[in-house]
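Trainee: I'm passing along my_file08.txt; it holds compact mmCIF, C-alpha atoms.
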```txt
# COMPACT_ATOMS: atom_id res chain seq x y z
CA MET R 1 55.32 -24.10 9.39
CA ASP R 2 53.26 -21.29 10.50
CA LEU R 3 55.04 -18.60 12.48
CA GLY R 4 51.83 -16.99 13.26
CA THR R 5 50.29 -13.96 11.97
CA GLY R 6 50.99 -12.13 15.19
CA ALA R 7 54.77 -12.46 14.88
CA LEU R 8 54.77 -11.24 11.26
CA ALA R 9 52.61 -8.31 12.13
CA GLU R 10 55.16 -7.13 14.68
CA LEU R 11 57.98 -6.96 12.11
CA ARG R 12 58.77 -3.52 10.81
CA ASP R 13 59.57 -2.59 7.26
CA ILE R 14 63.16 -1.92 6.16
CA HIS R 15 64.34 1.52 7.34
CA LEU R 16 66.67 3.49 5.07
CA PRO R 17 69.40 5.57 6.70
CA GLU R 18 68.99 9.36 6.84
CA ALA R 19 70.25 11.36 3.86
CA VAL R 20 73.86 12.50 4.08
CA SER R 21 73.96 16.13 5.22
CA LEU R 22 76.26 18.77 3.77
CA TRP R 23 76.55 20.40 7.16
CA PRO R 24 78.80 20.20 9.11
CA PRO R 25 81.57 19.75 6.59
CA ALA R 26 84.38 17.31 7.07
CA PRO R 27 87.50 18.53 8.94
CA GLY R 28 89.46 18.78 5.68
CA TRP R 29 87.04 21.41 4.38
CA TRP R 30 87.49 23.46 7.56
CA VAL R 31 91.26 23.38 7.08
CA LEU R 32 90.85 24.50 3.46
CA VAL R 33 88.54 27.39 4.42
CA VAL R 34 90.95 28.60 7.10
CA ALA R 35 93.92 28.35 4.71
CA VAL R 36 92.10 30.36 2.01
CA ALA R 37 90.99 32.99 4.54
CA LEU R 38 94.54 33.37 5.87
CA THR R 39 95.95 33.67 2.35
CA VAL R 40 93.42 36.34 1.36
CA GLY R 41 94.08 38.24 4.59
CA TRP R 42 97.84 38.09 4.01
CA VAL R 43 97.50 39.41 0.45
CA PHE R 44 95.36 42.35 1.64
CA TYR R 45 97.85 43.08 4.42
CA LEU R 46 100.77 43.14 1.98
CA ARG R 47 98.88 45.46 -0.39
CA TYR R 48 97.97 47.77 2.49
CA ARG R 49 101.56 47.84 3.69
CA ALA R 50 102.86 48.64 0.20
CA GLN R 51 100.34 51.48 -0.19
CA ARG R 52 101.18 52.86 3.23
CA SER R 53 104.92 52.83 2.53
CA ALA R 54 104.39 54.51 -0.88
CA ARG R 55 102.24 57.19 0.75
CA ARG R 56 104.80 57.69 3.50
CA ALA R 57 107.62 58.04 0.94
CA ALA R 58 105.61 60.54 -1.12
CA MET R 59 104.75 62.59 1.96
CA GLY R 60 108.42 62.55 2.95
CA GLU R 61 109.30 63.86 -0.51
CA VAL R 62 106.76 66.68 -0.10
CA GLN R 63 108.29 67.53 3.27
CA ARG R 64 111.79 67.57 1.75
CA LEU R 65 110.65 69.83 -1.12
CA GLU R 66 108.94 72.17 1.34
CA SER R 67 112.02 72.48 3.53
CA GLU R 68 114.18 73.19 0.47
CA TYR R 69 111.68 75.81 -0.65
CA ARG R 70 111.63 77.47 2.77
CA ALA R 71 115.43 77.56 2.79
CA SER R 72 115.97 78.84 -0.75
CA GLY R 73 112.68 80.55 -1.65
CA ASP R 74 112.89 79.04 -5.16
CA ALA R 75 109.26 78.46 -6.10
CA GLN R 76 110.18 77.16 -9.55
CA ALA R 77 112.26 74.37 -8.01
CA LEU R 78 109.31 73.59 -5.74
CA ALA R 79 106.96 73.49 -8.74
CA ARG R 80 109.36 71.20 -10.64
CA GLY R 81 109.68 68.83 -7.70
CA LEU R 82 105.96 68.72 -6.94
CA SER R 83 105.06 68.21 -10.60
CA ALA R 84 107.49 65.29 -10.90
CA LEU R 85 106.22 63.80 -7.64
CA LEU R 86 102.60 64.07 -8.77
CA ARG R 87 103.45 62.35 -12.04
CA ARG R 88 105.20 59.51 -10.19
CA VAL R 89 102.28 59.07 -7.78
CA ALA R 90 99.77 59.13 -10.65
CA LEU R 91 101.83 56.57 -12.57
CA LEU R 92 101.89 54.37 -9.50
CA LYS R 93 98.12 54.52 -9.05
CA GLY R 94 96.74 54.75 -12.58
CA ASP R 95 97.00 53.30 -16.03
CA ARG R 96 100.64 53.96 -16.90
CA THR R 97 100.19 54.44 -20.64
CA ARG R 98 97.27 56.85 -20.27
CA VAL R 99 98.67 58.82 -17.32
CA ALA R 100 102.15 59.25 -18.80
CA ALA R 101 100.81 60.99 -21.91
CA LEU R 102 98.68 63.58 -20.06
CA GLN R 103 99.91 67.16 -19.75
CA GLY R 104 98.56 70.50 -18.70
CA GLU R 105 94.83 70.84 -18.22
CA ALA R 106 94.12 67.21 -19.22
CA ARG R 107 96.45 66.02 -16.47
CA ALA R 108 94.87 68.40 -13.97
CA ALA R 109 91.39 67.24 -14.91
CA SER R 110 92.31 63.57 -14.52
CA LEU R 111 93.80 64.21 -11.07
CA ALA R 112 90.69 66.18 -10.09
CA LEU R 113 88.51 63.22 -11.09
CA VAL R 114 90.53 60.87 -8.89
CA SER R 115 90.67 63.26 -5.96
CA PRO R 116 87.57 65.48 -5.70
CA GLY R 117 89.22 67.85 -3.20
CA PHE R 118 92.08 68.65 -5.57
CA SER R 119 91.72 71.89 -7.52
CA PRO R 120 92.87 71.60 -11.16
CA GLU R 121 93.73 75.29 -11.15
CA ARG R 122 96.49 74.59 -8.62
CA LEU R 123 98.20 72.13 -10.93
CA VAL R 124 97.78 74.38 -13.96
CA GLY R 125 99.25 77.27 -11.97
CA MET R 126 102.09 75.07 -10.77
CA GLU R 127 102.91 73.94 -14.31
CA ALA R 128 102.72 77.54 -15.55
CA ALA R 129 105.25 78.49 -12.88
CA LEU R 130 107.68 75.97 -14.39
CA TYR R 131 107.99 78.10 -17.52
CA GLN R 132 107.62 81.52 -15.93
CA ASN R 133 110.35 84.13 -15.99
CA PRO R 134 112.67 83.23 -13.11
CA PHE R 135 113.07 86.89 -12.16
CA ARG R 136 109.34 87.35 -11.65
CA PRO R 137 108.57 86.23 -8.09
CA ILE R 138 105.87 83.68 -7.36
CA PRO R 139 103.69 84.57 -4.37
CA GLY R 140 104.24 82.47 -1.27
CA GLU R 141 100.51 81.82 -1.03
CA ASP R 142 100.67 79.98 -4.37
CA ALA R 143 103.49 77.76 -3.15
CA ASP R 144 101.61 77.02 0.09
CA ALA R 145 98.48 76.17 -1.91
CA TRP R 146 100.53 73.81 -4.12
CA LEU R 147 101.93 72.04 -1.08
CA ALA R 148 98.53 71.70 0.57
CA GLY R 149 96.92 70.45 -2.64
CA VAL R 150 99.63 67.87 -3.27
CA ARG R 151 99.32 66.59 0.29
CA VAL R 152 95.57 66.19 -0.09
CA LEU R 153 96.01 64.45 -3.42
CA ILE R 154 98.61 62.01 -2.08
CA ARG R 155 96.39 61.10 0.86
CA ARG R 156 93.42 60.44 -1.41
CA LEU R 157 95.31 58.59 -4.13
CA SER R 158 97.10 56.26 -1.77
```
Show the structure stored in the file as structure tokens.
Mentor:
Amino acid sequence: MDLGTGALAELRDIHLPEAVSLWPPAPGWWVLVVAVALTVGWVFYLRYRAQRSARRAAMGEVQRLESEYRASGDAQALARGLSALLRRVALLKGDRTRVAALQGEARAASLALVSPGFSPERLVGMEAALYQNPFRPIPGEDADAWLAGVRVLIRRLS
């Protein structure tokens, strides 16, 4: 039984299917990518909102301290309030165990490293005013410089 050489010559060899491509991914992978992207976006939004509310609360505290200072003229109370606020903000943003132990010039230097626009001399002067004779007046320019410096620092730390 001869089918003929012509008929066999017309047959083609076995063709293998094309290799499976990685692109485009299956619909399940698209759903997973979208879910991960939404989760990451939500986490960043929540962190941003928490930072913004902390900054807003700190700036409100500065405003309250300033209005009390303008009403009473007590620069030592202003220095106490600003020093405590700076410590709370630094504890919120930094390593709690390291930041809590810092005092004086070491604390001023660490805040100056975090916020380049902040002058360490302002903080040292503010802390010196805490222990100054209450009958010796503190110049208003010093208090204004403290307020401006703390505002700059809060904006940069937050």
Trainee: Go ahead and compute the interatomic distance for atom CA of Arg70 of chain R and atom CA of Leu92 of chain R, in Å to one decimal.
Mentor: 27.9 Å
Trainee: Show which residues sit within 12 Å of Arg136 of chain R, as a PyMOL selection string. Count all atoms listed in the file, and ignore same-chain residues fewer than 5 positions away.
Mentor: chain R and resi 74-76+129-131
Trainee: Separation of atom CA of Ala143 of chain R and atom CA of Leu78 of chain R, in Å?
Mentor: 7.6 Å
Trainee: For Val89 of chain R, which of R:Ser72, R:Gln51, R:Thr39, R:Ser21 is the closest residue, counting only C-alpha atoms?
Mentor: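 Closest candidate: R:Gln51.
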Trainee: Smallest atom-to-atom distance to Leu65 of chain R: which of R:Leu46, R:Met126, R:Ala77, R:Val40, using all atoms listed in the file?
Mentor: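 Closest candidate: R:Ala77.
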Trainee: One number please: atom CA of Ala58 of chain R to atom CA of Ser119 of chain R, in Å, one decimal.
Mentor: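 Distance between the two atoms: 19.0 Å.
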Trainee: Give, as JSON, the centre coordinates and the x, y and z edge lengths in Å to one decimal for an axis-aligned box around all listed atoms of segment 62-76 of chain R, padded by 4 Å on each side.
Mentor:
```
{"center_x": 111.4, "center_y": 73.6, "center_z": -3.0, "size_x": 17.2, "size_y": 21.9, "size_z": 21.1}
```
Trainee: Go through R:Ala128, R:Leu147, R:Leu22, R:Gly140 and flag the residue nearest Arg64 of chain R, using only C-alpha atoms for the distances.
Mentor: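 Distance minimum relative to Arg64 of chain R lands on R:Leu147.
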Trainee: Kindly indicate which residue among R:Leu82, R:Tyr48, R:Ala71, R:Leu153 lies nearest to Gly125 of chain R, using only C-alpha atoms for the distances.
Mentor: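 Counting only C-alpha atoms, the residue closest to Gly125 of chain R is R:Leu82.
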Trainee: Could you tell me which of R:Arg151, R:Arg122, R:Lys93, R:Arg87 comes closest to Glu66 of chain R if we count only C-alpha atoms?
Mentor: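 Using only C-alpha atoms, Glu66 of chain R sits closest to R:Arg151.
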